[in-house]
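Dropping final19.cif in here (mmCIF, C-alpha atoms):
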data_target
loop_
_atom_site.group_PDB
_atom_site.id
_atom_site.type_symbol
_atom_site.label_atom_id
_atom_site.label_comp_id
_atom_site.auth_asym_id
_atom_site.auth_seq_id
_atom_site.Cartn_x
_atom_site.Cartn_y
_atom_site.Cartn_z
ATOM 1 C CA MET A 10 102.779 80.469 80.120
ATOM 2 C CA TYR A 11 101.858 82.838 82.953
ATOM 3 C CA GLN A 12 98.710 84.184 81.268
ATOM 4 C CA GLN A 13 96.305 82.166 83.440
ATOM 5 C CA GLN A 14 98.003 83.163 86.708
ATOM 6 C CA ILE A 15 98.026 86.837 85.725
ATOM 7 C CA SER A 16 94.432 86.708 84.490
ATOM 8 C CA GLU A 17 93.267 85.183 87.792
ATOM 9 C CA MET A 18 95.213 87.835 89.739
ATOM 10 C CA LEU A 19 93.569 90.632 87.732
ATOM 11 C CA LEU A 20 90.074 89.169 88.091
ATOM 12 C CA SER A 21 90.466 88.620 91.838
ATOM 13 C CA SER A 22 91.547 92.246 92.300
ATOM 14 C CA GLY A 23 88.415 93.676 90.698
ATOM 15 C CA PHE A 24 89.097 93.909 86.973
ATOM 16 C CA SER A 25 86.386 92.662 84.625
ATOM 17 C CA GLN A 26 87.077 89.789 82.242
ATOM 18 C CA GLN A 27 87.225 92.290 79.366
ATOM 19 C CA GLN A 28 89.645 94.594 81.229
ATOM 20 C CA ALA A 29 91.887 91.667 82.234
ATOM 21 C CA GLN A 30 91.993 90.476 78.630
ATOM 22 C CA LYS A 31 92.871 93.980 77.410
ATOM 23 C CA LEU A 32 95.703 94.274 79.940
ATOM 24 C CA LEU A 33 97.076 90.886 78.882
ATOM 25 C CA GLU A 34 96.887 91.827 75.199
ATOM 26 C CA ILE A 35 98.799 95.096 75.529
ATOM 27 C CA GLY A 36 101.129 93.964 78.307
ATOM 28 C CA SER A 37 104.216 91.819 78.194
ATOM 29 C CA VAL A 38 105.532 89.400 80.804
ATOM 30 C CA LEU A 39 108.966 90.080 82.228
ATOM 31 C CA GLU A 40 111.098 87.887 84.498
ATOM 32 C CA LEU A 41 113.826 89.712 86.407
ATOM 33 C CA PRO A 42 116.583 88.683 88.811
ATOM 34 C CA THR A 43 117.225 90.045 92.286
ATOM 35 C CA ARG A 44 118.495 93.654 92.531
ATOM 36 C CA HIS A 45 117.349 94.725 89.057
ATOM 37 C CA VAL A 46 116.414 98.416 88.844
ATOM 38 C CA LEU A 47 113.043 98.898 87.132
ATOM 39 C CA THR A 48 112.979 102.670 87.385
ATOM 40 C CA HIS A 49 115.668 105.171 88.327
ATOM 41 C CA GLN A 50 114.659 108.268 90.261
ATOM 42 C CA GLY A 51 114.439 111.211 87.847
ATOM 43 C CA GLN A 52 114.066 108.928 84.826
ATOM 44 C CA SER A 53 111.170 109.082 82.387
ATOM 45 C CA ILE A 54 108.627 106.411 83.184
ATOM 46 C CA GLU A 55 108.167 104.142 80.177
ATOM 47 C CA GLN A 56 106.198 101.307 81.782
ATOM 48 C CA VAL A 57 104.100 100.438 84.796
ATOM 49 C CA TYR A 58 104.085 96.961 86.278
ATOM 50 C CA LEU A 59 101.859 94.423 87.970
ATOM 51 C CA LEU A 60 103.988 92.428 90.399
ATOM 52 C CA VAL A 61 102.972 88.798 89.883
ATOM 53 C CA GLN A 62 105.738 87.090 91.869
ATOM 54 C CA GLY A 63 108.504 88.450 94.094
ATOM 55 C CA ILE A 64 109.147 91.572 96.181
ATOM 56 C CA CYS A 65 110.151 95.052 95.011
ATOM 57 C CA LEU A 66 111.454 98.042 96.944
ATOM 58 C CA GLU A 67 110.642 101.672 96.208
ATOM 59 C CA GLN A 68 112.996 104.325 97.636
ATOM 60 C CA TRP A 69 113.773 108.006 97.448
ATOM 61 C CA ILE A 70 117.447 108.836 96.977
ATOM 62 C CA THR A 71 118.391 112.035 98.816
ATOM 63 C CA GLN A 72 120.879 114.638 97.609
ATOM 64 C CA GLN A 73 123.307 113.094 100.107
ATOM 65 C CA HIS A 74 122.860 109.755 98.232
ATOM 66 C CA GLU A 75 121.025 108.143 101.137
ATOM 67 C CA ALA A 76 118.210 105.716 100.358
ATOM 68 C CA VAL A 77 114.922 106.339 102.175
ATOM 69 C CA THR A 78 112.410 103.521 101.865
ATOM 70 C CA LYS A 79 108.992 104.518 100.593
ATOM 71 C CA THR A 80 107.445 101.052 100.437
ATOM 72 C CA CYS A 81 107.863 97.389 99.567
ATOM 73 C CA SER A 82 105.553 95.846 97.000
ATOM 74 C CA TRP A 83 104.223 92.316 97.181
ATOM 75 C CA PRO A 84 102.630 89.973 94.614
ATOM 76 C CA GLY A 85 99.344 91.357 93.317
ATOM 77 C CA GLU A 86 100.371 95.014 93.681
ATOM 78 C CA TRP A 87 100.795 97.532 90.904
ATOM 79 C CA LEU A 88 104.160 99.278 90.697
ATOM 80 C CA LEU A 89 102.389 102.368 89.585
ATOM 81 C CA PRO A 90 103.944 105.628 90.706
ATOM 82 C CA SER A 91 101.414 108.336 91.425
ATOM 83 C CA GLU A 92 103.121 110.737 89.018
ATOM 84 C CA PRO A 93 102.109 109.015 85.761
ATOM 85 C CA LEU A 94 98.529 108.849 86.914
ATOM 86 C CA THR A 95 98.202 112.517 87.647
ATOM 87 C CA GLU A 96 100.660 114.790 85.862
ATOM 88 C CA GLN A 97 104.275 114.291 84.830
ATOM 89 C CA TYR A 98 105.954 111.082 83.775
ATOM 90 C CA ILE A 99 109.231 111.364 85.696
ATOM 91 C CA ALA A 100 109.905 108.861 88.489
ATOM 92 C CA SER A 101 110.259 110.409 91.940
ATOM 93 C CA THR A 102 111.624 107.118 93.319
ATOM 94 C CA LEU A 103 113.991 104.287 92.474
ATOM 95 C CA VAL A 104 112.255 100.916 92.121
ATOM 96 C CA GLU A 105 114.230 97.665 92.264
ATOM 97 C CA THR A 106 113.584 93.969 92.695
ATOM 98 C CA LEU A 107 114.575 92.455 96.039
ATOM 99 C CA THR A 108 113.902 88.901 94.899
ATOM 100 C CA PRO A 109 113.498 87.295 91.479
ATOM 101 C CA CYS A 110 110.306 88.813 90.071
ATOM 102 C CA LEU A 111 107.660 88.103 87.471
ATOM 103 C CA LEU A 112 105.876 91.214 86.206
ATOM 104 C CA LEU A 113 103.222 92.228 83.718
ATOM 105 C CA CYS A 114 104.531 95.373 81.979
ATOM 106 C CA LEU A 115 102.241 97.986 80.446
ATOM 107 C CA PRO A 116 103.537 100.860 78.318
ATOM 108 C CA VAL A 117 102.755 104.163 80.035
ATOM 109 C CA GLU A 118 101.362 105.619 76.786
ATOM 110 C CA HIS A 119 98.293 103.420 77.277
ATOM 111 C CA LEU A 120 97.679 105.039 80.671
ATOM 112 C CA ILE A 121 98.025 108.474 79.091
ATOM 113 C CA ARG A 122 95.488 107.557 76.411
ATOM 114 C CA TRP A 123 93.086 105.991 78.932
ATOM 115 C CA ARG A 124 93.319 109.044 81.148
ATOM 116 C CA THR A 125 92.626 111.412 78.248
ATOM 117 C CA HIS A 126 89.611 109.388 77.074
ATOM 118 C CA VAL A 127 88.259 108.665 80.583
ATOM 119 C CA GLU A 128 88.655 104.933 80.037
ATOM 120 C CA PRO A 129 87.115 102.830 82.860
ATOM 121 C CA LEU A 130 90.301 100.757 82.910
ATOM 122 C CA TYR A 131 92.276 103.850 83.933
ATOM 123 C CA GLN A 132 89.821 104.525 86.755
ATOM 124 C CA ASN A 133 90.153 100.923 87.914
ATOM 125 C CA LEU A 134 93.969 101.188 87.969
ATOM 126 C CA LEU A 135 93.744 104.422 89.931
ATOM 127 C CA GLU A 136 91.326 102.860 92.415
ATOM 128 C CA GLN A 137 93.608 99.817 92.802
ATOM 129 C CA ARG A 138 96.536 102.113 93.614
ATOM 130 C CA ILE A 139 94.561 104.130 96.168
ATOM 131 C CA LYS A 140 93.244 100.958 97.807
ATOM 132 C CA ALA A 141 96.727 99.410 98.015
ATOM 133 C CA ASP A 142 98.218 102.588 99.509
ATOM 134 C CA HIS A 143 95.442 102.721 102.109
ATOM 135 C CA GLN A 144 95.878 99.053 103.045
ATOM 136 C CA LYS A 145 99.657 99.428 103.346
ATOM 137 C CA THR A 146 99.307 102.449 105.602
ATOM 138 C CA MET A 147 96.854 100.609 107.840
ATOM 139 C CA PHE A 148 99.113 97.543 107.901
ATOM 140 C CA GLN A 149 102.169 99.615 108.898
ATOM 141 C CA LYS A 150 100.299 101.608 111.570
ATOM 142 C CA LEU A 151 98.059 98.951 113.135
ATOM 143 C CA TYR A 152 100.546 96.097 113.502
ATOM 144 C CA SER A 153 103.915 95.841 115.216
ATOM 145 C CA PRO A 154 106.939 94.745 113.146
ATOM 146 C CA SER A 155 106.653 91.275 114.677
ATOM 147 C CA GLU A 156 102.965 91.038 113.777
ATOM 148 C CA ARG A 157 103.685 92.301 110.246
ATOM 149 C CA TYR A 158 106.380 89.658 109.808
ATOM 150 C CA HIS A 159 104.071 86.921 111.066
ATOM 151 C CA LEU A 160 101.217 87.990 108.759
ATOM 152 C CA LEU A 161 103.454 88.380 105.720
ATOM 153 C CA SER A 162 105.192 85.059 106.342
ATOM 154 C CA GLN A 163 101.831 83.290 106.175
ATOM 155 C CA GLN A 164 101.323 84.512 102.611
ATOM 156 C CA PHE A 165 104.840 85.208 101.280
ATOM 157 C CA GLU A 166 107.149 82.930 103.261
ATOM 158 C CA SER A 167 109.349 81.893 100.336
ATOM 159 C CA GLU A 168 109.793 85.534 99.264
ATOM 160 C CA LEU A 169 110.637 86.648 102.820
ATOM 161 C CA ASP A 170 113.220 83.860 103.103
ATOM 162 C CA MET A 171 115.071 85.398 100.130
ATOM 163 C CA LEU A 172 115.500 88.783 101.826
ATOM 164 C CA ASN A 173 118.536 89.687 103.883
ATOM 165 C CA VAL A 174 118.079 91.323 107.296
ATOM 166 C CA TYR A 175 118.673 94.829 105.916
ATOM 167 C CA HIS A 176 115.962 94.553 103.243
ATOM 168 C CA LEU A 177 113.582 92.807 105.608
ATOM 169 C CA ALA A 178 113.975 95.712 108.039
ATOM 170 C CA GLN A 179 113.198 98.144 105.203
ATOM 171 C CA CYS A 180 110.067 96.239 104.201
ATOM 172 C CA LEU A 181 108.809 95.994 107.770
ATOM 173 C CA ASP A 182 109.783 99.577 108.619
ATOM 174 C CA THR A 183 111.954 98.640 111.564
ATOM 175 C CA THR A 184 115.595 98.202 112.561
ATOM 176 C CA GLU A 185 117.973 95.364 111.789
ATOM 177 C CA PRO A 186 118.400 94.408 115.501
ATOM 178 C CA GLN A 187 114.631 94.185 115.863
ATOM 179 C CA ILE A 188 114.459 91.966 112.755
ATOM 180 C CA GLU A 189 117.122 89.702 114.270
ATOM 181 C CA GLN A 190 114.948 89.341 117.386
ATOM 182 C CA ILE A 191 111.823 88.691 115.311
ATOM 183 C CA LEU A 192 113.612 86.028 113.242
ATOM 184 C CA GLN A 193 114.974 84.335 116.371
ATOM 185 C CA ALA A 194 111.525 84.287 117.976
ATOM 186 C CA HIS A 195 109.977 82.987 114.744
ATOM 187 C CA GLN A 196 112.639 80.261 114.503
ATOM 188 C CA SER A 197 112.031 79.249 118.152
ATOM 189 C CA CYS A 198 108.310 78.863 117.451
ATOM 190 C CA ASN A 199 109.033 76.619 114.451
ATOM 191 C CA ASP A 200 111.493 74.356 116.320
#

Would you mind giving the structure from this file in structure tokens?
Amino acid sequence: MYQQQISEMLLSSGFSQQQAQKLLEIGSVLELPTRHVLTHQGQSIEQVYLLVQGICLEQWITQQHEAVTKTCSWPGEWLLPSEPLTEQYIASTLVETLTPCLLLCLPVEHLIRWRTHVEPLYQNLLEQRIKADHQKTMFQKLYSPSERYHLLSQQFESELDMLNVYHLAQCLDTTEPQIEQILQAHQSCND
């Protein structure tokens, strides 16, 4: 049902037709509700995910049980912790859905095998992760929270509308009062 959408997403992000087909063959599609935990911090990583629809949040949980936001993930991004790509297979973060999500799930053992055999698909996944991390860093550093909200709302308006102020502040790396101001200004522009 979602094969065509996922295939187009993979092709547009730089995977070859053959690589996209291979990912679709070994992967499975998963639909999840809001606030579903994909990976617990400290847990063995069993799968990696391509976020097709929705928004996910990745956080570190401190010893004082405080959540520290690492990043938000948007459609088209791989939920691919750096750990499985380089060394151990234990999650250093908690990953949860902030909105209903559609994901392509890949068993981590395929990544291990691809890494061992220097599979081009593994290199492509690694390059996708590095590129996404670089783009996110630039986005967070070069734009104000208001500009980030405006840019994201052009592409992901329905997803942003599902977030509460707290989660929106986490995704935009700002405070709740500043989000309130941004939302009021955005609403005034649309009236």

For stretch 124-131 of chain A, please output as a ChimeraX atom specification all residues within 12 Å (counting all atoms listed in the file; exclusion window: fewer than 6 positions along the same chain). /A:19,23-32,89,93-96,117-118,137-138

Padding of 4 Å on every side, edges along x, y and z, all listed atoms of stretch 168-176 of chain A included: what centre and edge lengths in Å, to one decimal, does that box have, as JSON?
{"center_x": 114.2, "center_y": 89.3, "center_z": 103.3, "size_x": 16.9, "size_y": 19.0, "size_z": 16.0}

Run the PyMOL selection byres ((chain A and resi 47-53) around 8) on the file and write out the hits as a ChimeraX atom specification. /A:45-46,54-55,69-70,98-106

Residue among A:Gln14, A:Asn199, A:Ser167, A:Thr183 lying closest to A:Tyr152, counting only C-alpha atoms: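 Smallest separation from A:Tyr152 among the options: A:Thr183.
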
Identify, on the basis of all atoms listed in the file, every residue whose closest approach to A:Trp87 does not exceed 7 Å; exclude the query and any residue fewer than 3 positions from it along the same chain; express the result as a CSV table (one decimal) with C-alpha atoms, keeping the file's coordinate frame.
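Once everything was written out, this is part.csv:
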chain,number,residue,atom,x,y,z
A,58,TYR,CA,104.1,97.0,86.3
A,59,LEU,CA,101.9,94.4,88.0
A,60,LEU,CA,104.0,92.4,90.4
A,138,ARG,CA,96.5,102.1,93.6

Just how far from atom CA of A:Ser155 is atom CA of A:Ile191, in Å to one decimal? 5.8 Å

Once the PyMOL selection byres ((chain A and resi 176) around 12) has been applied to the shown file, what residues remain in the selection, as a PyMOL selection string? chain A and resi 43-44+64-68+76-78+80-81+105-108+168-175+177-185+188

Would you mind reading off the distance between atom CA of A:Ala194 and atom CA of A:Ser82, one decimal, in Å?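 Going from atom CA of A:Ala194 over to atom CA of A:Ser82, I get 24.7 Å.
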
Atom pair atom CA of A:Trp123 / atom CA of A:Lys145: separation (Å): 26.1 Å

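With all atoms listed in the file as the basis for measurement, A:Gly85 is the residue among A:Glu40, A:Val57, A:Gly85, A:Leu134 that approaches A:Met18 most closely.
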
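Distances to A:Asn133 were evaluated for A:Ser22, A:Gln72, A:Gln149, A:Ser162 using all atoms listed in the file, and the minimum falls at A:Ser22.
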
Could you check which of A:Leu88, A:Leu41, A:Leu112, A:Cys198 is closest to A:Gln62, using only C-alpha atoms?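 That would be A:Leu112, the residue with the smallest distance to A:Gln62.
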
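The residue that comes closest to A:Met10, out of A:Leu135, A:Leu111, A:Pro42, A:Pro84 and on the basis of all atoms listed in the file, is A:Leu111.
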
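When only C-alpha atoms are used to compute distances to A:Leu113, the closest of the residues A:Phe148, A:Phe165, A:Trp83, A:Tyr11 turns out to be A:Tyr11.
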